[in-house]
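Undergrad: Here you go, one structure.
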Amino acid sequence: QKVTWGTDEIEQQGIIEALKVGTLRRNKKDLMPWLPPQTWMEHRIDSEVLNRSMERAIHAECDRIFGPERNDNIHKRQKFIEGLVDGHAGVGVQAGVMSRLKKLLACAKVRFVVDEVVSYIRSAKYNGSPDRLVVMTGSAVAAAELVDLLKQHEGIRPGLISGSQGKEKRAKLTESFQGGDADATNVLVCTILAAGQGINLTAADTMFFIDWDWSHAMNEQAEARTHRSGLKSDKAVYVNFISSHWLDAAIAEACGRKKEYHKTIKNSAVAVTQ
């Protein structure tokens with residue numbers, strides 16, 4: 001405001017709009033016109049083995065809460081499981097159970113994700129895609145397990161970003177991933193909370209989501225690690241791994257409901273301000 005901006009209001013507005021592109025601090029909505037479009041895809045996991053393992057985990061949780069199945073607690077167990085299926089396990093004991101089951105489901109998906117990661121990296125040089133890939137998950141255990149399995153495959157050089165790392169190690173991994181060296185990290189496995197802010201992963205244009213964080217804001221921050229200024233590709237692709245087990249649908253419903261609540265509160269706040 002200390003500078004004289006042109007001679008009239010129209011010229012001043014033109015100068016301001018031109019400067020927006022080069023400023024260091026920008027809102028995401030200001031950048032969107034210059035960023036490539038986002039594409040969402042789903043990869044379905046239809047596995048009876050996965051489904052059976054999750055059912056055993058659910059019954060184990062019921063045993064822990066209600067004791068072994070008996071005639072006097074069958075109704076309570078059924079009502080409890082119905083609450084999980086409906087996706088309304090938002091508070092109390094059900095919320096804790098849902099969080100534990102969510103972590104178990106992420107770990108159960110890992111072995112199916114491994115094959116897709118290996119296939120993507122090995123085919124990237126033939127279809128013109130960057131030979132870099134980001135994998136996000138809400139579970140630190142699932143992330144570590146995926147890295148261990150990927151190390152067994154030739155040509156796959158995985159790195160792990162989790163909350164237990166210091167800033168220096170995280171920066172070194174990011175630098176290796178972003179660099180063009182032949183022996184650089186080409187698959188970066190991240191926990192959503194640890195990698196949700198403060199890092200650029202624009203060397204990749206594709207991101208796999210094994211599962212979601214409960215907070216939609218954290219998920220959007222994770223998406224923005226690749227979909228940001230500096231992305232050299234003309235696309236930003238996100239692949240969501242969805243199992244056929246009902247727990248995945250319940251988690252998606254709960255996350256979607258939180259997102260709608262947030263929009264309602266935000267719109268109400270804007271209306272009050274205006």
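Labels for the structure tokens follow display order: chains A, B, ..., residues from 1 in each chain, ligands from 1.
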Would you please give, as JSON, numbers by chain, all residues of stretch 89-266 of chain A that DSSP assigns to alpha helix (DSSP H) based on the backbone?
TA: {"A": [92, 93, 94, 95, 96, 97, 98, 99, 100, 101, 102, 103, 104, 105, 106, 107, 108, 109, 110, 111, 112, 113, 114, 115, 116, 117, 118, 119, 120, 121, 122, 123, 124, 125, 126, 127, 140, 141, 142, 143, 144, 145, 146, 147, 148, 149, 150, 167, 168, 169, 170, 171, 172, 173, 174, 175, 176, 177, 178, 192, 193, 194, 195, 216, 217, 218, 219, 220, 221, 222, 223, 246, 247, 248, 249, 250, 251, 252, 253, 254, 255, 256, 257, 258, 259, 260, 261, 262, 263, 264, 265, 266]}
Undergrad: Between A:Ser139, A:Gln165, A:Thr206, A:Ser244, which is the closest to A:Ile192 once you count only C-alpha atoms?
TA: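 Using only C-alpha atoms, the shortest distance to A:Ile192 belongs to A:Ser139.
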Undergrad: Do you have the atom CA of A:Lys103-atom CA of A:Pro158 distance handy?
TA: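 Calculated distance between atom CA of A:Lys103 and atom CA of A:Pro158 is 21.1 Å.
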Undergrad: Run DSSP on the backbone and grab whatever in stretch 42-211 of chain A lands in strand (DSSP E or B); send it over as a list of chain:residue names.
TA: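 The strand (DSSP E or B) subset of stretch 42-211 of chain A is A:Glu42, A:His43, A:Arg44, A:Ile45, A:Leu133, A:Val134, A:Val135, A:Met136, A:Thr137, A:Pro158, A:Gly159, A:Leu160, A:Ile161, A:Val187, A:Leu188, A:Val189, A:Cys190, A:Thr191, A:Thr206, A:Met207, A:Phe208, A:Phe209.
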Undergrad: Determine, counting only C-alpha atoms, which protein, DNA and RNA residues have an atom within 9 Å of an atom of A:His245; residues of the same chain fewer than 6 positions away are not included. Present the result as a PDB file with N, CA, C and O atoms, in the first residue's frame.
TA:
```
ATOM      1  N   ILE A  45     -10.095 -54.265  -4.113  1.00  0.00           N
ATOM      2  CA  ILE A  45      -9.456 -55.464  -3.567  1.00  0.00           C
ATOM      3  C   ILE A  45     -10.556 -56.427  -3.151  1.00  0.00           C
ATOM      4  O   ILE A  45     -11.236 -56.213  -2.149  1.00  0.00           O
ATOM      5  N   ASP A  46     -10.751 -57.473  -3.941  1.00  0.00           N
ATOM      6  CA  ASP A  46     -11.744 -58.493  -3.629  1.00  0.00           C
ATOM      7  C   ASP A  46     -11.018 -59.741  -3.141  1.00  0.00           C
ATOM      8  O   ASP A  46     -10.513 -60.532  -3.938  1.00  0.00           O
ATOM      9  N   SER A  47     -10.963 -59.904  -1.841  1.00  0.00           N
ATOM     10  CA  SER A  47     -10.207 -61.012  -1.257  1.00  0.00           C
ATOM     11  C   SER A  47     -10.994 -61.629  -0.111  1.00  0.00           C
ATOM     12  O   SER A  47     -11.290 -60.947   0.888  1.00  0.00           O
ATOM     13  N   GLU A  48     -11.315 -62.894  -0.247  1.00  0.00           N
ATOM     14  CA  GLU A  48     -11.997 -63.604   0.829  1.00  0.00           C
ATOM     15  C   GLU A  48     -11.079 -63.770   2.042  1.00  0.00           C
ATOM     16  O   GLU A  48     -11.536 -63.769   3.184  1.00  0.00           O
ATOM     17  N   LEU A  50      -8.817 -61.613   3.086  1.00  0.00           N
ATOM     18  CA  LEU A  50      -8.859 -60.337   3.808  1.00  0.00           C
ATOM     19  C   LEU A  50     -10.164 -60.213   4.586  1.00  0.00           C
ATOM     20  O   LEU A  50     -10.177 -59.810   5.761  1.00  0.00           O
ATOM     21  N   ASN A  51     -11.274 -60.545   3.932  1.00  0.00           N
ATOM     22  CA  ASN A  51     -12.579 -60.420   4.590  1.00  0.00           C
ATOM     23  C   ASN A  51     -12.677 -61.314   5.831  1.00  0.00           C
ATOM     24  O   ASN A  51     -13.174 -60.896   6.883  1.00  0.00           O
ATOM     25  N   MET A  54     -10.610 -59.925   8.742  1.00  0.00           N
ATOM     26  CA  MET A  54     -11.246 -58.785   9.392  1.00  0.00           C
ATOM     27  C   MET A  54     -12.424 -59.225  10.255  1.00  0.00           C
ATOM     28  O   MET A  54     -12.655 -58.661  11.334  1.00  0.00           O
ATOM     29  N   GLU A  55     -13.166 -60.216   9.804  1.00  0.00           N
ATOM     30  CA  GLU A  55     -14.278 -60.719  10.619  1.00  0.00           C
ATOM     31  C   GLU A  55     -13.760 -61.333  11.925  1.00  0.00           C
ATOM     32  O   GLU A  55     -14.357 -61.160  12.995  1.00  0.00           O
TER      33      GLU A  55
END
```
